[in-house]
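> Take this structure first; my questions come after.
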Amino acid sequence: MQKPNKHIFICASTRLNGKVQGACKNKESHNLVAMFNEAIMDRDLESEVMVTSTGCVGLCEKGPIVMIYPQQAWYGEVTEDDIEDILDALEEGAVVDRLSL
């Protein structure tokens, strides 16, 4: 596997004790992981962009949370409808202001 130069982290509400619970899980953030991966494959970006689910990032009221690195862009209340805008911004080196935390 080639080392990606961009990384998308999606909060999956996993707690330190291993339990999956919380706002991001309740808003089906785990589905976002698959949807982002599919959209990345559609754009032929899988060698450049990696998607990973994370433990709780502590911003439950704004979940689901998506974090983009190395841009350090944090997005809140992300839905399936936001994926294309986020990936467009990622490719352009921009930020989606309406989702930005």
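As shown in the structure tokens, the chain order sets the letters A, B, ...; within each chain, residues go from 1, and ligands are also counted from 1 in the order they appear.
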Just asking: which residues within chain A are strand (DSSP E or B) according to DSSP, as an NGL selection string?

:A and (6-14 or 20 or 49-55 or 66-69 or 73-75 or 100)

> I need the chosen residues saved as a compact mmCIF listing (two decimals), in the first residue's frame, with N, CA, C and O atoms.


```txt
# COMPACT_ATOMS: atom_id res chain seq x y z
N LYS A 6 -3.30 12.28 2.44
CA LYS A 6 -4.45 12.89 3.11
C LYS A 6 -5.17 11.80 3.91
O LYS A 6 -5.22 10.65 3.50
N HIS A 7 -5.72 12.22 5.05
CA HIS A 7 -6.37 11.25 5.92
C HIS A 7 -7.68 11.85 6.43
O HIS A 7 -7.70 12.97 6.93
N ILE A 8 -8.75 11.09 6.28
CA ILE A 8 -10.07 11.49 6.78
C ILE A 8 -10.37 10.63 8.00
O ILE A 8 -10.39 9.40 7.91
N PHE A 9 -10.59 11.27 9.13
CA PHE A 9 -10.97 10.58 10.36
C PHE A 9 -12.44 10.85 10.63
O PHE A 9 -12.88 12.01 10.57
N ILE A 10 -13.20 9.81 10.95
CA ILE A 10 -14.63 9.96 11.23
C ILE A 10 -14.90 9.40 12.62
O ILE A 10 -14.60 8.23 12.90
N CYS A 11 -15.47 10.22 13.48
CA CYS A 11 -15.77 9.77 14.84
C CYS A 11 -16.80 8.64 14.79
O CYS A 11 -17.86 8.78 14.19
N ALA A 12 -16.44 7.53 15.44
CA ALA A 12 -17.35 6.39 15.50
C ALA A 12 -17.86 6.16 16.92
O ALA A 12 -18.45 5.12 17.21
N SER A 13 -17.61 7.11 17.80
CA SER A 13 -18.12 7.08 19.18
C SER A 13 -17.59 5.94 20.03
O SER A 13 -18.21 5.56 21.00
N THR A 14 -16.46 5.37 19.68
CA THR A 14 -15.90 4.31 20.50
C THR A 14 -15.26 4.92 21.74
O THR A 14 -14.45 5.83 21.65
N VAL A 20 -19.20 1.14 21.95
CA VAL A 20 -19.58 2.08 20.89
C VAL A 20 -20.92 2.67 21.29
O VAL A 20 -21.93 1.98 21.31
N VAL A 49 -5.86 9.15 -0.44
CA VAL A 49 -6.70 9.47 0.71
C VAL A 49 -7.07 8.19 1.46
O VAL A 49 -7.51 7.22 0.86
N MET A 50 -6.89 8.22 2.78
CA MET A 50 -7.27 7.09 3.63
C MET A 50 -8.39 7.54 4.57
O MET A 50 -8.41 8.69 5.02
N VAL A 51 -9.33 6.64 4.84
CA VAL A 51 -10.44 6.93 5.75
C VAL A 51 -10.33 5.99 6.95
O VAL A 51 -10.15 4.78 6.79
N THR A 52 -10.45 6.56 8.15
CA THR A 52 -10.35 5.78 9.38
C THR A 52 -11.43 6.22 10.35
O THR A 52 -11.67 7.42 10.51
N SER A 53 -12.07 5.27 11.01
CA SER A 53 -12.99 5.61 12.09
C SER A 53 -12.18 5.78 13.37
O SER A 53 -11.15 5.13 13.54
N THR A 54 -12.64 6.67 14.22
CA THR A 54 -11.90 6.97 15.45
C THR A 54 -12.77 6.73 16.68
O THR A 54 -13.98 6.52 16.57
N GLY A 55 -12.13 6.84 17.81
CA GLY A 55 -12.86 6.89 19.06
C GLY A 55 -13.51 8.25 19.21
O GLY A 55 -13.37 9.13 18.35
N VAL A 66 -16.09 14.89 11.33
CA VAL A 66 -15.14 14.43 10.32
C VAL A 66 -13.94 15.36 10.39
O VAL A 66 -14.10 16.59 10.39
N MET A 67 -12.75 14.77 10.47
CA MET A 67 -11.51 15.54 10.55
C MET A 67 -10.63 15.20 9.36
O MET A 67 -10.47 14.03 9.03
N ILE A 68 -10.07 16.21 8.73
CA ILE A 68 -9.24 16.04 7.54
C ILE A 68 -7.81 16.48 7.87
O ILE A 68 -7.60 17.60 8.34
N TYR A 69 -6.87 15.59 7.59
CA TYR A 69 -5.45 15.92 7.79
C TYR A 69 -4.68 15.62 6.52
O TYR A 69 -5.03 14.69 5.81
N ALA A 73 -8.78 20.35 9.03
CA ALA A 73 -10.16 20.82 8.92
C ALA A 73 -11.05 19.90 9.73
O ALA A 73 -10.97 18.68 9.59
N TRP A 74 -11.87 20.46 10.58
CA TRP A 74 -12.82 19.69 11.39
C TRP A 74 -14.21 20.11 10.98
O TRP A 74 -14.53 21.31 10.93
N TYR A 75 -15.05 19.12 10.69
CA TYR A 75 -16.41 19.37 10.26
C TYR A 75 -17.40 18.74 11.23
O TYR A 75 -17.16 17.65 11.74
N SER A 100 -17.62 23.78 8.96
CA SER A 100 -16.38 23.95 9.73
C SER A 100 -16.65 24.22 11.20
O SER A 100 -17.54 24.98 11.56
```

> So which residues touch Glu77 of chain A within 12 Å, counting only C-alpha atoms, skipping near sequence neighbours fewer than 6 positions away, as a list of chain:residue names?

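Residues near the query, excluding close chain neighbours: A:Ile10, A:Cys11, A:Ala23, A:Cys24, A:Asn26, A:Lys27, A:Glu28, A:Ser29, A:Leu32, A:Leu59, A:Cys60, A:Glu61, A:Lys62, A:Gly63, A:Pro64, A:Ile65, A:Val66, A:Met67, A:Ile83, A:Arg98, A:Leu99, A:Ser100, A:Leu101.
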
> Go through A:Met35, A:Ile40, A:Gly76, A:Asp81 one by one, measure the shortest atom-to-atom distance of each to Asp97 of chain A using only C-alpha atoms, and give the residue with the smallest value.

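Residue with the minimum atom-to-atom distance to Asp97 of chain A: A:Gly76.
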
> Excluding Leu45 of chain A and its own-chain neighbours fewer than 2 positions away, which residues fall within 12 Å of it when counting only C-alpha atoms? Please give them as an MDAnalysis selection string.

chainID A and resid 2 4:7 36:43 47:51 87:88 90:91

> What does the structure give for the distance between atom CA of Val33 of chain A and atom CA of Val57 of chain A, in Å to one decimal?

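These atoms are spaced 15.7 Å apart.
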
> Segment 20-73 of chain A: which residues are helix (DSSP H, G or I) by DSSP, as a list in words?

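Answer for segment 20-73 of chain A restricted to helix (DSSP H, G or I) is Ala23, Cys24, Lys25, Asn26, Ser29, His30, Asn31, Leu32, Val33, Ala34, Met35, Phe36, Asn37, Glu38, Ala39, Ile40, Met41, Asp42, Cys60, Glu61 and Lys62 of chain A.
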
> Any chance you can output those residues with all heavy atoms as a short mmCIF file (atom, residue, chain, number, x, y, z; two decimals), in the first residue's frame?


```cif
data_model
loop_
_atom_site.label_atom_id
_atom_site.label_comp_id
_atom_site.auth_asym_id
_atom_site.auth_seq_id
_atom_site.Cartn_x
_atom_site.Cartn_y
_atom_site.Cartn_z
N ALA A 23 -23.41 10.19 20.38
CA ALA A 23 -24.11 10.95 19.35
C ALA A 23 -23.69 10.55 17.94
O ALA A 23 -24.54 10.38 17.06
CB ALA A 23 -23.89 12.44 19.57
N CYS A 24 -22.40 10.43 17.70
CA CYS A 24 -21.96 10.11 16.33
C CYS A 24 -22.47 8.73 15.91
O CYS A 24 -22.95 8.56 14.79
CB CYS A 24 -20.44 10.18 16.23
SG CYS A 24 -19.80 11.87 16.38
N LYS A 25 -22.41 7.77 16.81
CA LYS A 25 -22.93 6.43 16.50
C LYS A 25 -24.43 6.51 16.26
O LYS A 25 -24.94 5.93 15.30
CB LYS A 25 -22.64 5.45 17.62
CG LYS A 25 -23.23 4.06 17.36
CD LYS A 25 -23.51 3.35 18.67
CE LYS A 25 -24.19 2.04 18.46
NZ LYS A 25 -25.63 2.14 18.29
N ASN A 26 -25.13 7.23 17.12
CA ASN A 26 -26.58 7.34 16.99
C ASN A 26 -26.99 8.03 15.69
O ASN A 26 -28.09 7.81 15.19
CB ASN A 26 -27.17 8.11 18.18
CG ASN A 26 -27.06 7.32 19.47
OD1 ASN A 26 -26.86 6.11 19.47
ND2 ASN A 26 -27.16 8.02 20.59
N SER A 29 -22.68 7.43 12.10
CA SER A 29 -21.38 7.83 11.54
C SER A 29 -20.64 6.65 10.91
O SER A 29 -19.86 6.84 9.98
CB SER A 29 -20.50 8.47 12.62
OG SER A 29 -20.21 7.54 13.64
N HIS A 30 -20.91 5.44 11.39
CA HIS A 30 -20.24 4.27 10.81
C HIS A 30 -20.59 4.11 9.34
O HIS A 30 -19.79 3.62 8.55
CB HIS A 30 -20.57 3.00 11.61
CG HIS A 30 -22.04 2.71 11.70
ND1 HIS A 30 -22.86 3.36 12.58
CD2 HIS A 30 -22.82 1.86 11.00
CE1 HIS A 30 -24.10 2.92 12.42
NE2 HIS A 30 -24.10 2.01 11.46
N ASN A 31 -21.78 4.54 8.93
CA ASN A 31 -22.15 4.50 7.52
C ASN A 31 -21.34 5.50 6.70
O ASN A 31 -21.07 5.27 5.52
CB ASN A 31 -23.64 4.79 7.33
CG ASN A 31 -24.51 3.66 7.82
OD1 ASN A 31 -24.08 2.51 7.90
ND2 ASN A 31 -25.74 3.98 8.17
N LEU A 32 -20.96 6.62 7.33
CA LEU A 32 -20.17 7.62 6.62
C LEU A 32 -18.82 7.06 6.19
O LEU A 32 -18.30 7.43 5.14
CB LEU A 32 -19.96 8.86 7.49
CG LEU A 32 -21.15 9.76 7.72
CD1 LEU A 32 -20.79 10.89 8.68
CD2 LEU A 32 -21.65 10.34 6.40
N VAL A 33 -18.25 6.18 7.00
CA VAL A 33 -16.95 5.59 6.65
C VAL A 33 -17.06 4.87 5.31
O VAL A 33 -16.25 5.11 4.39
CB VAL A 33 -16.47 4.63 7.76
CG1 VAL A 33 -15.19 3.91 7.32
CG2 VAL A 33 -16.25 5.37 9.07
N ALA A 34 -18.06 4.03 5.16
CA ALA A 34 -18.25 3.30 3.91
C ALA A 34 -18.58 4.25 2.76
O ALA A 34 -18.07 4.08 1.64
CB ALA A 34 -19.36 2.26 4.07
N MET A 35 -19.39 5.26 3.02
CA MET A 35 -19.76 6.20 1.97
C MET A 35 -18.57 7.03 1.50
O MET A 35 -18.42 7.27 0.29
CB MET A 35 -20.87 7.12 2.47
CG MET A 35 -22.19 6.42 2.66
SD MET A 35 -23.40 7.61 3.27
CE MET A 35 -24.42 6.55 4.27
N PHE A 36 -17.73 7.47 2.43
CA PHE A 36 -16.52 8.20 2.05
C PHE A 36 -15.61 7.30 1.23
O PHE A 36 -15.06 7.71 0.20
CB PHE A 36 -15.77 8.73 3.28
CG PHE A 36 -16.11 10.14 3.65
CD1 PHE A 36 -16.99 10.40 4.69
CD2 PHE A 36 -15.54 11.21 2.98
CE1 PHE A 36 -17.30 11.70 5.04
CE2 PHE A 36 -15.84 12.51 3.33
CZ PHE A 36 -16.73 12.77 4.36
N ASN A 37 -15.42 6.05 1.67
CA ASN A 37 -14.57 5.12 0.93
C ASN A 37 -15.08 4.90 -0.49
O ASN A 37 -14.31 4.88 -1.45
CB ASN A 37 -14.44 3.79 1.67
CG ASN A 37 -13.35 3.83 2.71
OD1 ASN A 37 -12.28 4.37 2.48
ND2 ASN A 37 -13.62 3.25 3.87
N GLU A 38 -16.37 4.76 -0.63
CA GLU A 38 -16.96 4.56 -1.95
C GLU A 38 -16.74 5.79 -2.84
O GLU A 38 -16.37 5.66 -4.02
CB GLU A 38 -18.45 4.26 -1.83
CG GLU A 38 -19.11 3.92 -3.14
CD GLU A 38 -20.56 3.49 -2.98
OE1 GLU A 38 -20.86 2.71 -2.06
OE2 GLU A 38 -21.37 3.95 -3.79
N ALA A 39 -16.96 6.97 -2.29
CA ALA A 39 -16.78 8.20 -3.06
C ALA A 39 -15.31 8.40 -3.44
O ALA A 39 -15.01 8.86 -4.55
CB ALA A 39 -17.28 9.40 -2.25
N ILE A 40 -14.41 8.01 -2.56
CA ILE A 40 -12.98 8.10 -2.85
C ILE A 40 -12.61 7.15 -3.98
O ILE A 40 -11.84 7.50 -4.89
CB ILE A 40 -12.17 7.84 -1.57
CG1 ILE A 40 -12.28 9.06 -0.66
CG2 ILE A 40 -10.71 7.52 -1.90
CD1 ILE A 40 -11.80 8.82 0.75
N MET A 41 -13.17 5.95 -3.98
CA MET A 41 -12.93 5.00 -5.05
C MET A 41 -13.50 5.51 -6.37
O MET A 41 -12.87 5.39 -7.42
CB MET A 41 -13.49 3.63 -4.69
CG MET A 41 -12.69 2.93 -3.62
SD MET A 41 -13.40 1.41 -2.97
CE MET A 41 -13.86 0.52 -4.43
N ASP A 42 -14.69 6.12 -6.32
CA ASP A 42 -15.31 6.68 -7.53
C ASP A 42 -14.44 7.76 -8.15
O ASP A 42 -14.44 7.94 -9.37
CB ASP A 42 -16.70 7.25 -7.22
CG ASP A 42 -17.74 6.19 -6.94
OD1 ASP A 42 -17.48 5.00 -7.23
OD2 ASP A 42 -18.82 6.54 -6.42
N CYS A 60 -19.66 15.68 20.93
CA CYS A 60 -20.87 14.90 20.67
C CYS A 60 -22.04 15.75 20.16
O CYS A 60 -22.79 15.31 19.29
CB CYS A 60 -21.29 14.15 21.93
SG CYS A 60 -20.03 12.98 22.49
N GLU A 61 -22.19 16.95 20.68
CA GLU A 61 -23.31 17.80 20.27
C GLU A 61 -23.21 18.24 18.81
O GLU A 61 -24.19 18.67 18.22
CB GLU A 61 -23.44 19.02 21.19
CG GLU A 61 -22.32 20.04 21.06
CD GLU A 61 -21.03 19.69 21.80
OE1 GLU A 61 -20.97 18.66 22.48
OE2 GLU A 61 -20.09 20.48 21.68
N LYS A 62 -22.04 18.11 18.21
CA LYS A 62 -21.82 18.51 16.82
C LYS A 62 -21.65 17.31 15.88
O LYS A 62 -21.32 17.48 14.72
CB LYS A 62 -20.57 19.39 16.71
CG LYS A 62 -20.69 20.71 17.42
CD LYS A 62 -21.64 21.61 16.69
CE LYS A 62 -21.65 22.99 17.34
NZ LYS A 62 -22.54 23.89 16.65
#
```

> Please, what distance in Å, to one decimal, runs between atom CA of Gly58 of chain A and atom CA of Lys3 of chain A?

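So the two atoms, atom CA of Gly58 of chain A and atom CA of Lys3 of chain A, lie 28.1 Å apart.
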